[in-house]
Every structure is written in structure tokens, then in C-alpha cells.
Amino acid sequence: MDQSPLHERITDQFSYRGERADIWRAFDLLLDTDEFLNLGYSEWYQPHIVGSSQRRLVTEVGSRIASHLPATDGVPLLDVGCGRGGPAIHLADRFGFSVTGLDLVPYNIEQATENAREKRVEAEFVIGDATQLPFSTDSFAACTAIDALVYLPDRDSVFAAVADVLEPGGALVLSDLVMQSDVSETERGYVDSFADAWDMPSVGTVEQYNAALDEASFELKTVEDITGHSVGRFRRWTTLYLQLLRSPLRSLVERLLRAYDLDPSGVTEQVRAGHHALPFLQHVVLVAKR
């Protein structure tokens, strides 16, 4: 398994031990990040932090993959970058898939296994590298990757590995954060700074994903822009946070963060980087067939 500095930074972040892990501790106060690490999905009438927007995104992904299969009950599905197991558990419970989740972060797999046990849902979770999947050829009829590939630098190898373990005619549905295709150099700089602040490789475009899928012999069926249901709403919150820091309430905000053992400077660095990059990012769902 790759032990690059980026791999180590991602592992540290999601194990709550890295320099930038505090942002996820902050999300813990508002979201179901003990189970879900995705960006979520909300209709216009649904507050994004009420209910479980992250579970709703998994339902959207599950519905799309179910529409490309004759049945879902007992169908073997691989969830790449499964995180803390919430998506895999929901896909198994809601749609009846026989789910195997894979993630490179041991902490996530431990949490996923415990979450499945607590919810009494059968799902298998494996520590592994998505570019070197530890499964035999044609092992799965379906595959999901829910806001996970943005953290993986070698997406070409991921798609090649998935194609190998997916049976002919199998469906791949992924949601991910991508960069708009027509950004300027200045705008690309904002996106690159965001990626660095959040321990990500360079953020890809839909065109780059399509080319990588095509190279792995996938046929891209649909591309759906769901930005308005997720990250399109985030800038109002980053704007509010940054306005508070410019107001007399700054000391109160920083004291509140410290009360939860969070580093205000680290959280602010990531919020500011996200704020500047958000206008040039999209959240998309891609459906491909092998």
C-alpha cells in the first residue's frame, strides 16, 4: 500500500491525529461524521444540517445504481473509500445490497465495523488501497465511490482496478467534488490552495474523470450536477464564519472552538481556503457501465 506523504496526511486527518483534523471534530458537532464523511444532498426545502443530508446523498447514489441493475437484493457491491461505514450500511439496509467497503484509513474501518455491529447490518469492511483492490476478477456487480476519489491522486489506477473486479455489464456510480472546466489560472490557484489545506491531491474535472473512465473501458452514461443541493449552499456558512471573525465576536468564536479543544487558526485556514474555492467547484454524480 502506498505510504506517500499525502497518504500519511489523509490517514492522520481522518484518524483525528493530524494537523488539519480539527475541522472534522468541528463537523462532529453538526453532522453525522461518525458515520458519514460525504458532502450531503438536500432539496431546496431541507436545511442541510437538519436530518441527515449525508444519508440522503447515499440514497440518491443507491437509487441511481439500482436503476441500472435488474435487482439489488443480495447483489454484491463494492464501496470504494467507504469511510466510517455509513454509506455501505445504508446501501445494505435500504437496497439489500451485499456490501463490501474498502478504505485506506484503519481508523475508518474500525469505526465502520463498529457502526455495522451496532446497527445489526451485515457488511464487510476491508483496509486496502483502491488502486490495488484485494478482490478477484468479476467479484462485484456494482460499485460506488461517494465523495471519496477526490482524496486519491491516481484515479486512472482506481478505475482500472474497479474495472477488473466489476463483472461485465456492472455499474459504477460515483459522486465527487470536481473543479469547473473553464477556470482561470487565478481561480485554479484558489482550488489548489483549497486542496492543499484539506490534504487532497489536485482536484480533477469531469472531463478528466471521463477520460480516465474511458481508458478503463467504462462507458459514461450520465453526469449530473448536484452542486445546488450541496456545496452550492456552503458559501453562506463560510461567509458567516469569516464575518464573525471580522466582528467583535471573534474572541467569543475562538473561545468556543478552544472549549471543544479545536485550534481556531487551523479551522480558519481551511474555512477560508474553502470559501475562496467554492465558486469554482462542482458536486457531481457520474454513472458508468463496464
# chains A, B, ... in the order shown; residues from 1 in each chain; ligands from 1
>>> select_by_dssp(residues="stretch 25-271 of chain A", states="helix (DSSP H, G or I)", output="count of residues only")
115
>>> closest_atom_pairs(of="stretch 71-124 of chain A", to="stretch 153-173 of chain A", cutoff="12 Å", atoms="only C-alpha atoms", output="JSON lines")
{"residue": "A:Thr72", "atom": "CA", "partner": "A:Ala171", "partner_atom": "CA", "distance": 11.7}
{"residue": "A:Val75", "atom": "CA", "partner": "A:Gly170", "partner_atom": "CA", "distance": 10.8}
{"residue": "A:Pro76", "atom": "CA", "partner": "A:Leu166", "partner_atom": "CA", "distance": 9.7}
{"residue": "A:Leu77", "atom": "CA", "partner": "A:Leu166", "partner_atom": "CA", "distance": 9.0}
{"residue": "A:Leu78", "atom": "CA", "partner": "A:Leu166", "partner_atom": "CA", "distance": 8.7}
{"residue": "A:Asp79", "atom": "CA", "partner": "A:Val173", "partner_atom": "CA", "distance": 9.8}
{"residue": "A:Val80", "atom": "CA", "partner": "A:Val162", "partner_atom": "CA", "distance": 8.8}
{"residue": "A:Gly81", "atom": "CA", "partner": "A:Val158", "partner_atom": "CA", "distance": 10.7}
{"residue": "A:Leu102", "atom": "CA", "partner": "A:Val162", "partner_atom": "CA", "distance": 11.7}
>>> atom_distance(atom1="atom CA of A:Val183", atom2="atom CA of A:Thr205")
10.4 Å
>>> residues_around(residues="stretch 20-36 of chain A", least_positions_apart="3", cutoff="6 Å", atoms="only C-alpha atoms", output="PDB file with N, CA and C atoms, in the first residue's frame")
ATOM      1  N   GLN A  13      -5.483  12.890   9.050  1.00  0.00           N
ATOM      2  CA  GLN A  13      -6.665  13.745   9.108  1.00  0.00           C
ATOM      3  C   GLN A  13      -7.891  12.961   9.543  1.00  0.00           C
ATOM      4  N   TYR A  16      -8.133  11.616  13.202  1.00  0.00           N
ATOM      5  CA  TYR A  16      -8.213  12.655  14.240  1.00  0.00           C
ATOM      6  C   TYR A  16      -6.882  12.902  14.934  1.00  0.00           C
ATOM      7  N   ARG A  84     -16.404   5.724   7.299  1.00  0.00           N
ATOM      8  CA  ARG A  84     -16.802   5.136   8.583  1.00  0.00           C
ATOM      9  C   ARG A  84     -18.037   4.260   8.473  1.00  0.00           C
ATOM     10  N   GLY A  85     -18.357   3.855   7.247  1.00  0.00           N
ATOM     11  CA  GLY A  85     -19.335   2.787   7.041  1.00  0.00           C
ATOM     12  C   GLY A  85     -20.764   3.201   6.831  1.00  0.00           C
ATOM     13  N   GLY A  86     -21.108   4.463   7.090  1.00  0.00           N
ATOM     14  CA  GLY A  86     -22.491   4.882   6.938  1.00  0.00           C
ATOM     15  C   GLY A  86     -23.074   4.590   5.571  1.00  0.00           C
ATOM     16  N   LEU A 262     -10.446  22.650  19.904  1.00  0.00           N
ATOM     17  CA  LEU A 262     -10.183  22.870  18.485  1.00  0.00           C
ATOM     18  C   LEU A 262      -9.243  24.061  18.317  1.00  0.00           C
ATOM     19  N   VAL A 267      -8.710  25.679  11.902  1.00  0.00           N
ATOM     20  CA  VAL A 267     -10.067  25.650  11.363  1.00  0.00           C
ATOM     21  C   VAL A 267     -10.282  26.817  10.403  1.00  0.00           C
TER      22      VAL A 267
END
>>> select_by_dssp(residues="stretch 72-110 of chain A", states="strand (DSSP E or B)", output="list in words")
Pro76, Leu77, Leu78, Asp79, Val80, Ser98, Val99, Thr100, Gly101, Leu102 and Asp103 of chain A
>>> residues_around(residues="A:Asp12", least_positions_apart="5", cutoff="12 Å", atoms="only C-alpha atoms", output="list in words")
Pro5, Leu6, His7, Arg17, Gly18, Glu19, Arg20, Ala21, Asp22, Trp24, Leu104, Val105, Pro106, Tyr107, Asn108, Trp198 and Asp199 of chain A
>>> write_last_selection(atoms="N, CA and C atoms", output="mmCIF file, in the first residue's frame")
data_model
loop_
_atom_site.group_PDB
_atom_site.id
_atom_site.type_symbol
_atom_site.label_atom_id
_atom_site.label_comp_id
_atom_site.auth_asym_id
_atom_site.auth_seq_id
_atom_site.Cartn_x
_atom_site.Cartn_y
_atom_site.Cartn_z
ATOM 1 N N PRO A 5 3.705 10.784 1.481
ATOM 2 C CA PRO A 5 3.334 11.825 2.448
ATOM 3 C C PRO A 5 1.855 12.190 2.384
ATOM 4 N N LEU A 6 1.284 12.223 1.156
ATOM 5 C CA LEU A 6 -0.140 12.534 1.034
ATOM 6 C C LEU A 6 -0.983 11.462 1.698
ATOM 7 N N HIS A 7 -0.624 10.199 1.473
ATOM 8 C CA HIS A 7 -1.341 9.089 2.124
ATOM 9 C C HIS A 7 -1.304 9.266 3.639
ATOM 10 N N ARG A 17 -5.790 12.765 14.189
ATOM 11 C CA ARG A 17 -4.494 12.979 14.819
ATOM 12 C C ARG A 17 -3.603 13.924 14.019
ATOM 13 N N GLY A 18 -4.074 14.388 12.872
ATOM 14 C CA GLY A 18 -3.262 15.244 12.027
ATOM 15 C C GLY A 18 -3.445 16.712 12.341
ATOM 16 N N GLU A 19 -2.620 17.551 11.706
ATOM 17 C CA GLU A 19 -2.677 18.982 11.921
ATOM 18 C C GLU A 19 -4.017 19.572 11.497
ATOM 19 N N ARG A 20 -4.686 18.952 10.522
ATOM 20 C CA ARG A 20 -5.932 19.504 9.995
ATOM 21 C C ARG A 20 -7.149 18.676 10.396
ATOM 22 N N ALA A 21 -7.005 17.849 11.400
ATOM 23 C CA ALA A 21 -8.125 17.006 11.804
ATOM 24 C C ALA A 21 -9.195 17.778 12.570
ATOM 25 N N ASP A 22 -8.859 18.969 13.083
ATOM 26 C CA ASP A 22 -9.819 19.704 13.902
ATOM 27 C C ASP A 22 -11.080 20.079 13.136
ATOM 28 N N TRP A 24 -12.728 18.271 11.164
ATOM 29 C CA TRP A 24 -13.666 17.153 11.250
ATOM 30 C C TRP A 24 -14.247 17.041 12.650
ATOM 31 N N LEU A 104 -8.573 3.146 2.983
ATOM 32 C CA LEU A 104 -7.144 3.036 3.312
ATOM 33 C C LEU A 104 -6.830 3.453 4.741
ATOM 34 N N VAL A 105 -7.807 4.020 5.472
ATOM 35 C CA VAL A 105 -7.566 4.512 6.836
ATOM 36 C C VAL A 105 -8.047 3.482 7.852
ATOM 37 N N PRO A 106 -7.157 2.866 8.607
ATOM 38 C CA PRO A 106 -7.573 1.849 9.585
ATOM 39 C C PRO A 106 -8.609 2.359 10.582
ATOM 40 N N TYR A 107 -8.468 3.600 11.036
ATOM 41 C CA TYR A 107 -9.441 4.160 11.981
ATOM 42 C C TYR A 107 -10.851 4.120 11.393
ATOM 43 N N ASN A 108 -10.981 4.489 10.115
ATOM 44 C CA ASN A 108 -12.298 4.461 9.478
ATOM 45 C C ASN A 108 -12.889 3.060 9.446
ATOM 46 N N TRP A 198 -6.825 20.980 2.667
ATOM 47 C CA TRP A 198 -7.667 19.862 3.086
ATOM 48 C C TRP A 198 -7.000 18.509 2.807
ATOM 49 N N ASP A 199 -5.684 18.517 2.588
ATOM 50 C CA ASP A 199 -4.938 17.271 2.378
ATOM 51 C C ASP A 199 -5.488 16.456 1.216
#
>>> closest_atom_pairs(of="stretch 78-172 of chain A", to="stretch 61-64 of chain A", cutoff="9 Å", atoms="only C-alpha atoms", output="tab-separated table")
residue	atom	partner	partner_atom	distance
A:His90	CA	A:Gly62	CA	8.9
A:Leu91	CA	A:Gly62	CA	6.3
A:Arg94	CA	A:Gly62	CA	8.5
A:Phe95	CA	A:Gly62	CA	7.2
A:Thr144	CA	A:Val61	CA	7.8
A:Ile146	CA	A:Val61	CA	7.9
>>> residues_around(residues="A:Lys221", least_positions_apart="6", cutoff="8 Å", atoms="only C-alpha atoms", output="list of chain:residue names")
A:Leu286, A:Val287, A:Ala288, A:Lys289
>>> write_last_selection(atoms="all heavy atoms", output="CSV table (one decimal), in the first residue's frame")
chain,number,residue,atom,x,y,z
A,286,LEU,N,-21.7,10.7,-11.3
A,286,LEU,CA,-21.4,10.1,-12.6
A,286,LEU,C,-21.9,8.6,-12.5
A,286,LEU,O,-21.6,7.9,-11.5
A,286,LEU,CB,-19.9,10.1,-12.9
A,286,LEU,CG,-19.3,11.4,-13.4
A,286,LEU,CD1,-19.4,12.5,-12.3
A,286,LEU,CD2,-17.8,11.2,-13.8
A,287,VAL,N,-22.5,8.2,-13.6
A,287,VAL,CA,-22.9,6.8,-13.7
A,287,VAL,C,-22.2,6.2,-14.9
A,287,VAL,O,-22.3,6.8,-16.0
A,287,VAL,CB,-24.5,6.7,-13.9
A,287,VAL,CG1,-24.9,5.2,-14.1
A,287,VAL,CG2,-25.2,7.3,-12.7
A,288,ALA,N,-21.5,5.1,-14.7
A,288,ALA,CA,-20.8,4.4,-15.8
A,288,ALA,C,-21.1,2.9,-15.8
A,288,ALA,O,-21.4,2.4,-14.8
A,288,ALA,CB,-19.3,4.7,-15.7
A,289,LYS,N,-21.0,2.3,-17.0
A,289,LYS,CA,-21.2,0.9,-17.1
A,289,LYS,C,-19.9,0.3,-17.7
A,289,LYS,O,-19.2,0.8,-18.5
A,289,LYS,CB,-22.4,0.6,-18.0
A,289,LYS,CG,-23.7,1.0,-17.5
A,289,LYS,CD,-24.2,0.2,-16.3
A,289,LYS,CE,-24.5,-1.2,-16.6
A,289,LYS,NZ,-25.8,-1.3,-17.3
>>> atom_distance(atom1="atom CA of A:Val206", atom2="atom CA of A:Arg55")
23.8 Å
>>> residues_around(residues="A:Val285", least_positions_apart="3", cutoff="6 Å", atoms="only C-alpha atoms", output="NGL selection string")
:A and (174-175 or 223-224)
>>> write_last_selection(atoms="N, CA and C atoms", output="PDB file, in the first residue's frame")
ATOM      1  N   LEU A 174     -20.534   7.126  -8.923  1.00  0.00           N
ATOM      2  CA  LEU A 174     -19.694   7.873  -8.000  1.00  0.00           C
ATOM      3  C   LEU A 174     -20.180   9.310  -7.905  1.00  0.00           C
ATOM      4  N   SER A 175     -20.066   9.852  -6.721  1.00  0.00           N
ATOM      5  CA  SER A 175     -20.260  11.281  -6.524  1.00  0.00           C
ATOM      6  C   SER A 175     -18.915  11.851  -6.115  1.00  0.00           C
ATOM      7  N   VAL A 223     -23.920  12.348 -16.407  1.00  0.00           N
ATOM      8  CA  VAL A 223     -23.241  13.250 -15.481  1.00  0.00           C
ATOM      9  C   VAL A 223     -24.298  14.207 -14.946  1.00  0.00           C
ATOM     10  N   GLU A 224     -24.478  14.230 -13.654  1.00  0.00           N
ATOM     11  CA  GLU A 224     -25.497  15.084 -13.041  1.00  0.00           C
ATOM     12  C   GLU A 224     -24.831  16.067 -12.080  1.00  0.00           C
TER      13      GLU A 224
END
>>> closest_residue(among="A:Glu8, A:Glu43, A:Glu114, A:Glu254", to="A:Gly228", atoms="only C-alpha atoms")
A:Glu43
>>> closest_residue(among="A:Asp176, A:Asp93, A:Asp129, A:Glu215", to="A:Leu149", atoms="only C-alpha atoms")
A:Asp176
